[in-house]
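Colleague: My structure file data-v3.cif, mmCIF, C-alpha atoms and all ligand atoms, is below:
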```
data_data
loop_
_atom_site.label_atom_id
_atom_site.label_comp_id
_atom_site.auth_asym_id
_atom_site.auth_seq_id
_atom_site.Cartn_x
_atom_site.Cartn_y
_atom_site.Cartn_z
CA MET U 1 -2.64 -6.41 -23.56
CA ARG U 2 -3.41 -9.94 -22.41
CA ILE U 3 -5.62 -10.77 -19.46
CA ILE U 4 -4.44 -13.85 -17.58
CA GLU U 5 -6.40 -15.66 -14.91
CA THR U 6 -4.37 -18.72 -13.96
CA VAL U 7 -1.13 -19.26 -12.10
CA SER U 8 0.12 -21.70 -14.73
CA SER U 9 -0.38 -19.23 -17.63
CA ILE U 10 1.17 -16.24 -15.86
CA ARG U 11 4.13 -18.43 -14.89
CA GLN U 12 4.58 -19.54 -18.49
CA VAL U 13 4.22 -16.03 -19.87
CA SER U 14 6.71 -14.55 -17.44
CA GLN U 15 9.28 -17.21 -18.34
CA HIS U 16 9.23 -16.08 -21.98
CA ILE U 17 8.63 -12.34 -21.67
CA THR U 18 11.23 -9.72 -22.63
CA ARG U 19 13.08 -8.66 -19.51
CA PRO U 20 13.51 -6.72 -17.32
CA LEU U 21 9.97 -7.34 -16.10
CA GLY U 22 8.23 -4.98 -13.66
CA LEU U 23 5.30 -6.08 -11.49
CA VAL U 24 2.70 -3.72 -10.00
CA PRO U 25 0.53 -5.56 -7.46
CA THR U 26 -2.87 -3.92 -6.84
CA MET U 27 -6.34 -4.65 -5.53
CA GLY U 28 -7.92 -2.77 -8.43
CA TYR U 29 -10.32 0.18 -8.56
CA LEU U 30 -7.40 2.00 -10.08
CA HIS U 31 -6.63 5.69 -9.55
CA ASP U 32 -3.75 8.02 -10.37
CA GLY U 33 -1.66 6.56 -7.51
CA HIS U 34 -1.71 3.17 -9.24
CA VAL U 35 -1.11 4.86 -12.60
CA SER U 36 2.02 6.48 -11.23
CA LEU U 37 3.35 3.04 -10.20
CA VAL U 38 2.58 1.64 -13.66
CA ASN U 39 4.27 4.59 -15.40
CA ARG U 40 7.37 4.16 -13.27
CA ALA U 41 7.38 0.41 -14.01
CA LYS U 42 7.06 1.13 -17.72
CA SER U 43 9.94 3.56 -17.77
CA ASP U 44 12.24 1.16 -15.84
CA ASN U 45 11.42 -2.12 -17.62
CA ASP U 46 10.82 -3.72 -21.03
CA SER U 47 7.65 -5.49 -19.88
CA VAL U 48 5.04 -4.76 -17.21
CA VAL U 49 2.55 -7.03 -15.43
CA VAL U 50 -0.18 -5.53 -13.25
CA SER U 51 -1.98 -7.86 -10.87
CA ILE U 52 -5.49 -7.15 -9.65
CA PHE U 53 -6.43 -9.32 -6.72
CA ILE U 54 -8.55 -8.39 -3.71
CA ASN U 55 -6.67 -10.59 -1.26
CA PRO U 56 -9.21 -11.85 1.30
CA LYS U 57 -6.42 -12.88 3.67
CA GLN U 58 -5.38 -9.29 4.33
CA PHE U 59 -8.85 -8.18 5.43
CA ASP U 60 -9.77 -8.68 9.06
CA LEU U 61 -13.28 -7.20 8.77
CA THR U 62 -15.65 -8.90 6.33
CA GLU U 63 -17.41 -5.56 6.06
CA ASP U 64 -14.29 -3.99 4.59
CA LEU U 65 -13.78 -6.92 2.19
CA THR U 66 -17.33 -7.05 0.84
CA GLY U 67 -17.56 -3.26 0.67
CA TYR U 68 -14.18 -2.93 -1.08
CA PRO U 69 -14.79 -1.04 -4.35
CA ARG U 70 -14.38 -2.97 -7.61
CA ASN U 71 -14.74 -2.19 -11.31
CA LEU U 72 -12.71 -4.61 -13.37
CA GLN U 73 -13.93 -3.33 -16.74
CA ARG U 74 -12.83 0.18 -15.96
CA ASP U 75 -9.48 -1.03 -14.59
CA ILE U 76 -8.82 -3.02 -17.75
CA LYS U 77 -9.57 -0.01 -19.93
CA ILE U 78 -7.14 2.13 -17.88
CA LEU U 79 -4.39 -0.50 -18.18
CA GLU U 80 -5.02 -0.94 -21.89
CA ASP U 81 -4.59 2.79 -22.40
CA LEU U 82 -1.33 2.62 -20.44
CA ASP U 83 -0.14 -0.14 -22.79
CA VAL U 84 0.60 -2.66 -20.04
CA ASN U 85 1.66 -6.07 -21.38
CA PHE U 86 -0.27 -8.37 -19.01
CA VAL U 87 -2.94 -8.10 -16.37
CA PHE U 88 -3.08 -10.98 -13.91
CA VAL U 89 -6.59 -11.32 -12.47
CA PRO U 90 -6.84 -14.60 -10.58
CA GLU U 91 -9.88 -15.91 -8.71
CA VAL U 92 -9.45 -16.40 -4.96
CA SER U 93 -9.49 -20.21 -5.44
CA GLU U 94 -6.60 -19.93 -7.89
CA ILE U 95 -4.38 -18.28 -5.27
CA TYR U 96 -5.73 -20.15 -2.23
CA PRO U 97 -6.90 -23.59 -3.35
CA GLU U 98 -8.66 -25.87 -0.88
CA ASN U 99 -6.49 -26.85 2.10
CA TYR U 100 -4.17 -23.89 1.59
CA ALA U 101 -1.95 -23.79 4.70
CA THR U 102 1.27 -21.81 4.24
CA TYR U 103 1.85 -18.25 5.49
CA VAL U 104 4.87 -15.97 5.39
CA ASP U 105 5.40 -13.99 8.59
CA VAL U 106 7.86 -11.10 8.67
CA GLY U 107 7.68 -11.02 12.47
CA GLU U 108 7.42 -8.19 15.00
CA MET U 109 7.34 -5.32 12.52
CA SER U 110 4.15 -6.69 10.99
CA ARG U 111 2.36 -6.55 14.35
CA LYS U 112 2.91 -2.82 14.87
CA LEU U 113 0.81 0.08 13.58
CA GLU U 114 -1.55 -1.38 10.96
CA GLY U 115 -0.73 -4.86 12.26
CA SER U 116 -1.88 -3.90 15.72
CA SER U 117 -5.16 -2.36 14.52
CA ARG U 118 -5.73 -5.06 11.88
CA PRO U 119 -4.41 -8.36 13.28
CA GLY U 120 -3.25 -10.75 10.57
CA HIS U 121 -3.27 -8.05 7.89
CA PHE U 122 0.41 -8.32 6.99
CA LEU U 123 0.41 -12.10 7.15
CA GLY U 124 -2.03 -11.86 4.23
CA VAL U 125 0.03 -9.19 2.45
CA THR U 126 3.41 -10.92 2.73
CA THR U 127 1.92 -14.30 1.81
CA VAL U 128 0.31 -13.01 -1.39
CA VAL U 129 3.37 -10.95 -2.33
CA THR U 130 5.57 -14.03 -1.87
CA LYS U 131 3.26 -16.05 -4.09
CA LEU U 132 3.20 -13.35 -6.79
CA PHE U 133 7.00 -13.06 -6.73
CA ASN U 134 7.38 -16.82 -6.87
CA VAL U 135 5.08 -17.24 -9.85
CA ILE U 136 5.98 -14.11 -11.85
CA ARG U 137 9.66 -13.70 -10.86
CA PRO U 138 9.67 -9.96 -11.55
CA ASP U 139 13.00 -8.14 -11.82
CA ARG U 140 11.40 -5.17 -10.08
CA ALA U 141 8.18 -4.69 -8.10
CA TYR U 142 6.51 -1.36 -7.40
CA PHE U 143 4.85 -0.29 -4.15
CA GLY U 144 3.46 3.07 -3.05
CA GLN U 145 4.76 5.07 -0.13
CA LYS U 146 1.09 5.66 0.72
CA ASP U 147 1.17 2.24 2.43
CA GLY U 148 4.44 3.03 4.18
CA GLN U 149 4.54 0.11 6.59
CA GLN U 150 3.73 -2.29 3.76
CA ALA U 151 6.64 -0.90 1.73
CA VAL U 152 9.06 -1.32 4.66
CA ILE U 153 7.83 -4.86 5.37
CA VAL U 154 8.03 -5.99 1.74
CA LYS U 155 11.60 -4.72 1.56
CA ARG U 156 12.44 -6.76 4.65
CA LEU U 157 10.70 -9.83 3.21
CA VAL U 158 12.77 -9.62 0.03
CA ARG U 159 15.99 -9.18 1.96
CA ASP U 160 15.28 -11.97 4.45
CA LEU U 161 14.14 -14.54 1.87
CA ASN U 162 16.77 -13.59 -0.76
CA PHE U 163 14.31 -12.74 -3.50
CA GLU U 164 16.04 -11.34 -6.56
CA THR U 165 13.29 -8.77 -7.09
CA GLU U 166 14.23 -5.13 -6.55
CA ILE U 167 11.60 -3.19 -4.59
CA VAL U 168 10.89 0.32 -5.87
CA ILE U 169 8.92 2.69 -3.63
CA VAL U 170 6.93 5.34 -5.49
CA PRO U 171 5.90 8.67 -3.85
CA THR U 172 2.30 9.16 -2.69
CA VAL U 173 -0.01 10.77 -5.23
CA ARG U 174 -2.45 13.22 -3.64
CA GLU U 175 -5.69 14.91 -4.65
CA TYR U 176 -5.65 18.68 -5.30
CA ASP U 177 -6.44 19.29 -1.61
CA GLY U 178 -3.75 16.99 -0.21
CA LEU U 179 -5.82 13.86 0.49
CA ALA U 180 -3.79 10.79 -0.48
CA MET U 181 -5.48 8.94 -3.33
CA SER U 182 -7.02 5.66 -2.23
CA SER U 183 -9.63 3.29 -3.61
CA ARG U 184 -11.37 3.63 -0.24
CA ASN U 185 -11.92 7.40 -0.78
CA SER U 186 -14.82 6.44 -3.05
CA ARG U 187 -16.66 5.12 0.01
CA LEU U 188 -16.68 8.53 1.74
CA THR U 189 -19.77 10.74 1.75
CA GLU U 190 -19.33 14.27 0.44
CA GLN U 191 -18.95 15.62 3.98
CA GLN U 192 -16.50 12.88 4.98
CA ARG U 193 -14.47 13.50 1.83
CA GLU U 194 -14.22 17.17 2.80
CA ALA U 195 -13.33 16.23 6.40
CA ALA U 196 -10.64 13.79 5.24
CA THR U 197 -8.38 16.68 4.24
CA VAL U 198 -7.63 16.92 7.96
CA ILE U 199 -5.22 13.97 7.61
CA ASN U 200 -2.79 15.78 5.35
CA ARG U 201 -3.12 18.97 7.42
CA ALA U 202 -2.26 17.06 10.61
CA LEU U 203 0.80 15.37 9.06
CA SER U 204 1.99 18.65 7.53
CA GLU U 205 1.62 20.44 10.86
CA ALA U 206 3.80 17.82 12.59
CA ILE U 207 6.45 18.14 9.87
CA TYR U 208 6.34 21.92 10.27
CA MET U 209 6.81 21.57 14.06
CA TRP U 210 9.81 19.28 13.55
CA GLU U 211 11.31 21.69 11.04
CA SER U 212 10.85 24.45 13.63
CA GLY U 213 12.95 22.49 16.13
CA VAL U 214 10.54 20.20 18.03
CA THR U 215 12.14 16.75 18.15
CA ASP U 216 10.24 14.93 20.90
CA SER U 217 7.70 12.47 19.62
CA VAL U 218 5.16 13.11 22.37
CA THR U 219 4.74 16.71 21.24
CA LEU U 220 4.73 15.75 17.57
CA ARG U 221 2.10 13.06 18.18
CA ARG U 222 0.00 15.46 20.23
CA THR U 223 0.11 17.95 17.37
CA VAL U 224 -1.41 15.37 15.03
CA GLU U 225 -4.04 14.41 17.62
CA LYS U 226 -4.98 18.05 18.12
CA VAL U 227 -5.40 18.82 14.43
CA VAL U 228 -7.43 15.64 13.81
CA SER U 229 -9.67 16.41 16.81
CA THR U 230 -10.75 19.70 15.18
CA GLU U 231 -12.68 17.61 12.65
CA PRO U 232 -15.82 16.11 14.22
CA LEU U 233 -16.26 13.47 11.48
CA ALA U 234 -12.74 12.11 11.98
CA LYS U 235 -11.74 9.60 14.66
CA LEU U 236 -8.03 8.97 15.06
CA ASP U 237 -7.09 5.28 15.28
CA TYR U 238 -3.35 5.76 15.82
CA VAL U 239 -0.48 8.10 15.18
CA SER U 240 3.01 6.67 15.13
CA ILE U 241 6.47 8.11 14.79
CA SER U 242 8.75 5.28 13.85
CA ASP U 243 12.14 4.34 12.49
CA VAL U 244 11.92 3.98 8.69
CA ASP U 245 13.71 0.61 8.64
CA THR U 246 12.60 -1.17 11.82
CA LEU U 247 9.29 0.62 12.49
CA ASP U 248 10.30 0.88 16.16
CA GLU U 249 8.66 3.85 17.88
CA LEU U 250 11.11 6.72 18.40
CA ASN U 251 11.19 8.96 21.48
CA ASN U 252 12.99 11.67 19.56
CA VAL U 253 13.42 12.44 15.90
CA TYR U 254 16.94 13.67 15.26
CA SER U 255 17.38 12.71 11.64
CA GLU U 256 14.61 10.69 9.97
CA ALA U 257 11.29 9.08 10.89
CA MET U 258 8.04 8.00 9.35
CA ILE U 259 4.97 9.63 10.82
CA SER U 260 1.93 7.45 10.11
CA VAL U 261 -1.74 7.81 10.90
CA ALA U 262 -4.94 5.84 10.54
CA VAL U 263 -8.20 7.74 10.78
CA TRP U 264 -11.79 6.48 10.78
CA PHE U 265 -14.60 8.30 9.00
CA ASP U 266 -17.56 6.30 10.25
CA ASN U 267 -16.80 2.80 8.85
CA VAL U 268 -14.16 3.91 6.34
CA ARG U 269 -10.58 3.78 7.57
CA LEU U 270 -7.89 5.81 5.78
CA ILE U 271 -4.13 5.70 6.29
CA ASP U 272 -1.40 8.12 5.31
CA ASN U 273 2.18 8.96 6.22
CA LYS U 274 5.01 11.38 5.61
CA VAL U 275 8.72 11.05 6.17
CA ILE U 276 10.19 13.58 8.60
CA GLY U 277 13.71 14.69 7.72
CA GLY U 278 13.62 13.25 4.20
CA ASN U 279 11.12 13.37 1.42
CA ARG U 280 10.31 9.73 1.02
CA LEU U 281 10.96 6.09 1.79
CA GLU U 282 13.70 4.64 -0.43
P1 LIG U 301 -3.95 -1.11 -3.44
O1 LIG U 301 -4.69 -1.38 -4.71
O2 LIG U 301 -4.62 -0.11 -2.56
O3 LIG U 301 -3.53 -2.37 -2.73
O4 LIG U 301 -2.60 -0.41 -3.87
C1 LIG U 301 -1.72 -1.01 -4.79
C2 LIG U 301 -0.41 -0.28 -4.76
O5 LIG U 301 -0.63 1.09 -5.09
C3 LIG U 301 0.23 -0.30 -3.35
O6 LIG U 301 1.63 -0.48 -3.50
C4 LIG U 301 -0.11 1.07 -2.83
O7 LIG U 301 0.84 1.55 -1.90
C5 LIG U 301 -0.06 1.91 -4.10
N1 LIG U 301 -0.84 3.13 -3.91
C6 LIG U 301 -2.11 3.24 -3.45
N2 LIG U 301 -2.47 4.54 -3.35
C7 LIG U 301 -1.40 5.26 -3.74
C8 LIG U 301 -1.13 6.66 -3.86
N3 LIG U 301 -2.04 7.59 -3.55
N4 LIG U 301 0.08 7.05 -4.29
C9 LIG U 301 1.04 6.13 -4.62
N5 LIG U 301 0.85 4.80 -4.53
C10 LIG U 301 -0.35 4.37 -4.11
#
```
Written as structure tokens, how would this file's structure read?
Ligand code: AMP
Modeller:
Amino acid sequence: MRIIETVSSIRQVSQHITRPLGLVPTMGYLHDGHVSLVNRAKSDNDSVVVSIFINPKQFDLTEDLTGYPRNLQRDIKILEDLDVNFVFVPEVSEIYPENYATYVDVGEMSRKLEGSSRPGHFLGVTTVVTKLFNVIRPDRAYFGQKDGQQAVIVKRLVRDLNFETEIVIVPTVREYDGLAMSSRNSRLTEQQREAATVINRALSEAIYMWESGVTDSVTLRRTVEKVVSTEPLAKLDYVSISDVDTLDELNNVYSEAMISVAVWFDNVRLIDNKVIGGNRLE
């Protein structure tokens, strides 16, 4: 496995690598969710690049950026054991040199949900994804359903800008008690970690209600709010029931919808989602 730090080297390497080439973009502090993306990329492609880059432009709170967990040595060991071909670990100045000015904006859908709670977040995400695609030219790129809105937006980006990269969405990997794996889980106290199981319970309850015949979003949303409110350490940021392609809020769910939540545990914010009327985003 080779570790690459510069744009010029990763560009050169990816021009000569055996294809198809799969890219797994991450911010590091790897867990089994990331591993599942890498395994899928390995089984679909001849070569795999994993990028580790904590993208400052997608953080709106400096507190979240500086507190974001990191352990590069451990990540590298995990990727070595997975037999990944290349790890791309650029410095911030390599991706955003002085006087950097260009941003990619996917429009309205990036200002909803996470975009509304974290202004500018997706501008950072779509800009860095565009840069990675441009430099690495992957045949396929792998994203987790865990960040459902991100997956939907990246698919739109690729369609709108005619990238040749195929976007593959990989199902959410959960802990034994249903909590979606996330690097941010490591920032929870023991009590908060226990309390965080409320997220999966709330989403599951809403799915159960829909399966029992409740289609109106107000009732489904209220169900999530009610379950989350039983947990004193949890503070709901938003719950959304949206179209899986446009992310428009739906009044009723007749066939398919993504139900997404963001929940605060003190200063740690966790997100999760499930697809109603279908198992997953495609
Ligand atoms: P991150 O390092 O948090 O930016 O995540 C990198 C990629 O891993 C993103 O595409 C995430 O959606 C995906 N990911 C994160 N957590 C999970 C999970 N629990 N299950 C599946 N994919 C995940």
Colleague: Can you work out which one of U:Asn267, U:Asn252, U:Ser110, U:Ser186 has the shortest atom-to-atom distance to Gly213 in chain U, counting only C-alpha atoms?
Modeller: U:Asn252
Colleague: What lies within 9 Å of Ala196 in chain U using all atoms listed in the file, ignoring chain neighbours under 4 positions off, as a list in words?
Modeller: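 Here the answer would be Leu179, Asn185, Leu188, Gln191, Gln192, Asn200, Glu231, Leu233, Ala234, Val263, Phe265 and Leu270 of chain U.
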Colleague: Mind listing the residues within 9 Å of ligand LIG 301 (chain U), all atoms listed in the file counted, as an NGL selection string?
Modeller: :U and (24-37 or 52-55 or 142-148 or 150-151 or 169-175 or 179-184 or 272)
Colleague: With C-alpha atoms retained, export the selected residues as a PDB file, in the frame of the given file.
Modeller:
```
ATOM      1  CA  VAL U  24       2.700  -3.720 -10.000  1.00  0.00           C
ATOM      2  CA  PRO U  25       0.530  -5.560  -7.460  1.00  0.00           C
ATOM      3  CA  THR U  26      -2.870  -3.920  -6.840  1.00  0.00           C
ATOM      4  CA  MET U  27      -6.340  -4.650  -5.530  1.00  0.00           C
ATOM      5  CA  GLY U  28      -7.920  -2.770  -8.430  1.00  0.00           C
ATOM      6  CA  TYR U  29     -10.320   0.180  -8.560  1.00  0.00           C
ATOM      7  CA  LEU U  30      -7.400   2.000 -10.080  1.00  0.00           C
ATOM      8  CA  HIS U  31      -6.630   5.690  -9.550  1.00  0.00           C
ATOM      9  CA  ASP U  32      -3.750   8.020 -10.370  1.00  0.00           C
ATOM     10  CA  GLY U  33      -1.660   6.560  -7.510  1.00  0.00           C
ATOM     11  CA  HIS U  34      -1.710   3.170  -9.240  1.00  0.00           C
ATOM     12  CA  VAL U  35      -1.110   4.860 -12.600  1.00  0.00           C
ATOM     13  CA  SER U  36       2.020   6.480 -11.230  1.00  0.00           C
ATOM     14  CA  LEU U  37       3.350   3.040 -10.200  1.00  0.00           C
ATOM     15  CA  ILE U  52      -5.490  -7.150  -9.650  1.00  0.00           C
ATOM     16  CA  PHE U  53      -6.430  -9.320  -6.720  1.00  0.00           C
ATOM     17  CA  ILE U  54      -8.550  -8.390  -3.710  1.00  0.00           C
ATOM     18  CA  ASN U  55      -6.670 -10.590  -1.260  1.00  0.00           C
ATOM     19  CA  TYR U 142       6.510  -1.360  -7.400  1.00  0.00           C
ATOM     20  CA  PHE U 143       4.850  -0.290  -4.150  1.00  0.00           C
ATOM     21  CA  GLY U 144       3.460   3.070  -3.050  1.00  0.00           C
ATOM     22  CA  GLN U 145       4.760   5.070  -0.130  1.00  0.00           C
ATOM     23  CA  LYS U 146       1.090   5.660   0.720  1.00  0.00           C
ATOM     24  CA  ASP U 147       1.170   2.240   2.430  1.00  0.00           C
ATOM     25  CA  GLY U 148       4.440   3.030   4.180  1.00  0.00           C
ATOM     26  CA  GLN U 150       3.730  -2.290   3.760  1.00  0.00           C
ATOM     27  CA  ALA U 151       6.640  -0.900   1.730  1.00  0.00           C
ATOM     28  CA  ILE U 169       8.920   2.690  -3.630  1.00  0.00           C
ATOM     29  CA  VAL U 170       6.930   5.340  -5.490  1.00  0.00           C
ATOM     30  CA  PRO U 171       5.900   8.670  -3.850  1.00  0.00           C
ATOM     31  CA  THR U 172       2.300   9.160  -2.690  1.00  0.00           C
ATOM     32  CA  VAL U 173      -0.010  10.770  -5.230  1.00  0.00           C
ATOM     33  CA  ARG U 174      -2.450  13.220  -3.640  1.00  0.00           C
ATOM     34  CA  GLU U 175      -5.690  14.910  -4.650  1.00  0.00           C
ATOM     35  CA  LEU U 179      -5.820  13.860   0.490  1.00  0.00           C
ATOM     36  CA  ALA U 180      -3.790  10.790  -0.480  1.00  0.00           C
ATOM     37  CA  MET U 181      -5.480   8.940  -3.330  1.00  0.00           C
ATOM     38  CA  SER U 182      -7.020   5.660  -2.230  1.00  0.00           C
ATOM     39  CA  SER U 183      -9.630   3.290  -3.610  1.00  0.00           C
ATOM     40  CA  ARG U 184     -11.370   3.630  -0.240  1.00  0.00           C
ATOM     41  CA  ASP U 272      -1.400   8.120   5.310  1.00  0.00           C
TER      42      ASP U 272
END
```
Colleague: Pull the neighbourhood of (7.3, 9.1, 10.1) for me: all residues within 9 Å in file coordinates, counting all atoms listed in the file, as a list in words.
Modeller: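 It turns out the residues near that spot are Gly148, Ser240, Ile241, Ser242, Asp243, Val244, Glu256, Ala257, Met258, Ile259, Ser260, Asn273, Lys274, Val275, Ile276 and Gly277 of chain U.
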Colleague: Could you work out how far CA of Asp105 in chain U lies from CA of Gly124 in chain U, giving the answer in Å with one decimal?
Modeller: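 One can read the CA of Gly124 in chain U to CA of Asp105 in chain U distance as 8.9 Å.
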Colleague: One decimal, in Å: what's the spacing between CA of Leu23 in chain U and CA of Val154 in chain U?
Modeller: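 CA of Leu23 in chain U sits 13.5 Å away from CA of Val154 in chain U.
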Colleague: At what distance in Å, to one decimal, does CA of Thr6 in chain U lie from CA of Glu94 in chain U?
Modeller: 6.6 Å
Colleague: Name the residues in contact with Leu21 in chain U at a cut-off of 8 Å, using all atoms listed in the file, excluding same-chain residues fewer than 6 positions from it; report them as a list in words.
Modeller: Asn45, Asp46, Ser47, Val48, Val49, Pro138, Asp139 and Arg140 of chain U
Colleague: Mind dumping the selected residues with C-alpha atoms as a PDB file, keeping the file's coordinate frame?
Modeller:
```
ATOM      1  CA  ASN U  45      11.420  -2.120 -17.620  1.00  0.00           C
ATOM      2  CA  ASP U  46      10.820  -3.720 -21.030  1.00  0.00           C
ATOM      3  CA  SER U  47       7.650  -5.490 -19.880  1.00  0.00           C
ATOM      4  CA  VAL U  48       5.040  -4.760 -17.210  1.00  0.00           C
ATOM      5  CA  VAL U  49       2.550  -7.030 -15.430  1.00  0.00           C
ATOM      6  CA  PRO U 138       9.670  -9.960 -11.550  1.00  0.00           C
ATOM      7  CA  ASP U 139      13.000  -8.140 -11.820  1.00  0.00           C
ATOM      8  CA  ARG U 140      11.400  -5.170 -10.080  1.00  0.00           C
TER       9      ARG U 140
END
```
Colleague: Identify which of the residues U:Asn162, U:Val227, U:Val168, U:Arg111 lies closest to Leu247 in chain U, counting all atoms listed in the file when measuring atom-to-atom distances.
Modeller: U:Arg111
Colleague: Skip Leu236 in chain U itself and residues of its chain fewer than 4 positions away, then list as a list in words all residues within 7 Å of it, counting all atoms listed in the file.
Modeller: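 Here the qualifying residues turn out to be Val228, Ala262, Val263 and Trp264 of chain U.
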Colleague: Between U:Val218, U:Leu65, U:Leu157, U:Val7, which residue has the minimum interatomic distance to Leu250 in chain U, considering only C-alpha atoms?
Modeller: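 Nearest to Leu250 in chain U: U:Val218.
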Colleague: Restricting the calculation to only C-alpha atoms, which member of U:Asn39, U:Val268, U:Leu281, U:Phe163 is positioned closest to Glu63 in chain U?
Modeller: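 When distances to Glu63 in chain U are compared using only C-alpha atoms, the smallest one comes from U:Val268.
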Colleague: Quick one: everything within 6 Å of range 78-89 of chain U, counting only C-alpha atoms, minus sequence neighbours fewer than 2 positions away in the same chain. Send it as a PDB file with C-alpha atoms, in the frame of the given file.
Modeller:
```
ATOM      1  CA  MET U   1      -2.640  -6.410 -23.560  1.00  0.00           C
ATOM      2  CA  ARG U   2      -3.410  -9.940 -22.410  1.00  0.00           C
ATOM      3  CA  ILE U   3      -5.620 -10.770 -19.460  1.00  0.00           C
ATOM      4  CA  ILE U   4      -4.440 -13.850 -17.580  1.00  0.00           C
ATOM      5  CA  GLU U   5      -6.400 -15.660 -14.910  1.00  0.00           C
ATOM      6  CA  VAL U  48       5.040  -4.760 -17.210  1.00  0.00           C
ATOM      7  CA  VAL U  49       2.550  -7.030 -15.430  1.00  0.00           C
ATOM      8  CA  VAL U  50      -0.180  -5.530 -13.250  1.00  0.00           C
ATOM      9  CA  SER U  51      -1.980  -7.860 -10.870  1.00  0.00           C
ATOM     10  CA  ILE U  52      -5.490  -7.150  -9.650  1.00  0.00           C
ATOM     11  CA  ASP U  75      -9.480  -1.030 -14.590  1.00  0.00           C
ATOM     12  CA  ILE U  76      -8.820  -3.020 -17.750  1.00  0.00           C
TER      13      ILE U  76
END
```
Colleague: Considering only C-alpha atoms, return as number ranges by chain whatever protein or nucleic-acid residues lie within 12 Å of range 99-101 of chain U, sequence-local ones (same chain, fewer than 6 positions apart) excluded.
Modeller: U: 57, 92-93, 124, 127
Colleague: Restricting the calculation to only C-alpha atoms, which member of U:Gly115, U:Val253, U:Asn71, U:Tyr103 is positioned closest to Lys131 in chain U?
Modeller: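 Smallest distance to Lys131 in chain U is found for U:Tyr103.
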Colleague: Using only C-alpha atoms, which residue out of U:Asp237, U:Glu166, U:Glu190, U:Asp160 lies closest to Ala141 in chain U?
Modeller: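 Residue with the minimum atom-to-atom distance to Ala141 in chain U: U:Glu166.
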Colleague: Please determine an axis-aligned box that encloses all atoms of range 36-48 of chain U listed in the file, with 8 Å added on each side, and express its centre and edge lengths in Å to one decimal as lines of an AutoDock Vina configuration file.
Modeller:
```
center_x = 7.1
center_y = 0.5
center_z = -15.6
size_x = 26.2
size_y = 28.0
size_z = 26.8
```
Colleague: Could you complete range 190-194 of chain U so that it carries all heavy atoms, and give it back as a PDB file, in the coordinates of the input?
Modeller:
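Saved to part-v5.pdb:
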```pdb
ATOM      1  N   GLU U 190     -19.874  12.978   0.823  1.00  0.00           N
ATOM      2  CA  GLU U 190     -19.330  14.270   0.440  1.00  0.00           C
ATOM      3  C   GLU U 190     -18.720  15.007   1.641  1.00  0.00           C
ATOM      4  O   GLU U 190     -17.620  15.554   1.565  1.00  0.00           O
ATOM      5  CB  GLU U 190     -20.442  15.108  -0.175  1.00  0.00           C
ATOM      6  CG  GLU U 190     -19.977  16.051  -1.252  1.00  0.00           C
ATOM      7  CD  GLU U 190     -21.162  16.735  -1.901  1.00  0.00           C
ATOM      8  OE1 GLU U 190     -22.030  16.016  -2.457  1.00  0.00           O
ATOM      9  OE2 GLU U 190     -21.241  17.958  -1.812  1.00  0.00           O
ATOM     10  N   GLN U 191     -19.438  14.936   2.777  1.00  0.00           N
ATOM     11  CA  GLN U 191     -18.950  15.620   3.980  1.00  0.00           C
ATOM     12  C   GLN U 191     -17.694  14.950   4.526  1.00  0.00           C
ATOM     13  O   GLN U 191     -16.762  15.628   4.969  1.00  0.00           O
ATOM     14  CB  GLN U 191     -20.005  15.626   5.107  1.00  0.00           C
ATOM     15  CG  GLN U 191     -21.159  16.570   4.882  1.00  0.00           C
ATOM     16  CD  GLN U 191     -22.328  15.845   4.202  1.00  0.00           C
ATOM     17  OE1 GLN U 191     -22.130  14.887   3.434  1.00  0.00           O
ATOM     18  NE2 GLN U 191     -23.538  16.296   4.471  1.00  0.00           N
ATOM     19  N   GLN U 192     -17.685  13.613   4.499  1.00  0.00           N
ATOM     20  CA  GLN U 192     -16.500  12.880   4.980  1.00  0.00           C
ATOM     21  C   GLN U 192     -15.301  13.161   4.079  1.00  0.00           C
ATOM     22  O   GLN U 192     -14.171  13.295   4.558  1.00  0.00           O
ATOM     23  CB  GLN U 192     -16.773  11.380   5.026  1.00  0.00           C
ATOM     24  CG  GLN U 192     -17.733  10.967   6.124  1.00  0.00           C
ATOM     25  CD  GLN U 192     -18.192   9.519   5.946  1.00  0.00           C
ATOM     26  OE1 GLN U 192     -18.156   8.966   4.844  1.00  0.00           O
ATOM     27  NE2 GLN U 192     -18.628   8.910   7.029  1.00  0.00           N
ATOM     28  N   ARG U 193     -15.564  13.234   2.789  1.00  0.00           N
ATOM     29  CA  ARG U 193     -14.470  13.500   1.830  1.00  0.00           C
ATOM     30  C   ARG U 193     -13.829  14.851   2.136  1.00  0.00           C
ATOM     31  O   ARG U 193     -12.609  15.002   2.103  1.00  0.00           O
ATOM     32  CB  ARG U 193     -15.032  13.452   0.407  1.00  0.00           C
ATOM     33  CG  ARG U 193     -14.112  13.960  -0.683  1.00  0.00           C
ATOM     34  CD  ARG U 193     -12.857  13.129  -0.798  1.00  0.00           C
ATOM     35  NE  ARG U 193     -11.892  13.739  -1.707  1.00  0.00           N
ATOM     36  CZ  ARG U 193     -11.077  14.720  -1.385  1.00  0.00           C
ATOM     37  NH1 ARG U 193     -11.082  15.244  -0.158  1.00  0.00           N
ATOM     38  NH2 ARG U 193     -10.216  15.199  -2.261  1.00  0.00           N
ATOM     39  N   GLU U 194     -14.681  15.821   2.436  1.00  0.00           N
ATOM     40  CA  GLU U 194     -14.220  17.170   2.800  1.00  0.00           C
ATOM     41  C   GLU U 194     -13.414  17.095   4.105  1.00  0.00           C
ATOM     42  O   GLU U 194     -12.326  17.655   4.235  1.00  0.00           O
ATOM     43  CB  GLU U 194     -15.462  18.065   2.952  1.00  0.00           C
ATOM     44  CG  GLU U 194     -15.204  19.493   3.344  1.00  0.00           C
ATOM     45  CD  GLU U 194     -14.438  20.251   2.277  1.00  0.00           C
ATOM     46  OE1 GLU U 194     -14.702  20.004   1.079  1.00  0.00           O
ATOM     47  OE2 GLU U 194     -13.569  21.069   2.658  1.00  0.00           O
TER      48      GLU U 194
END
```
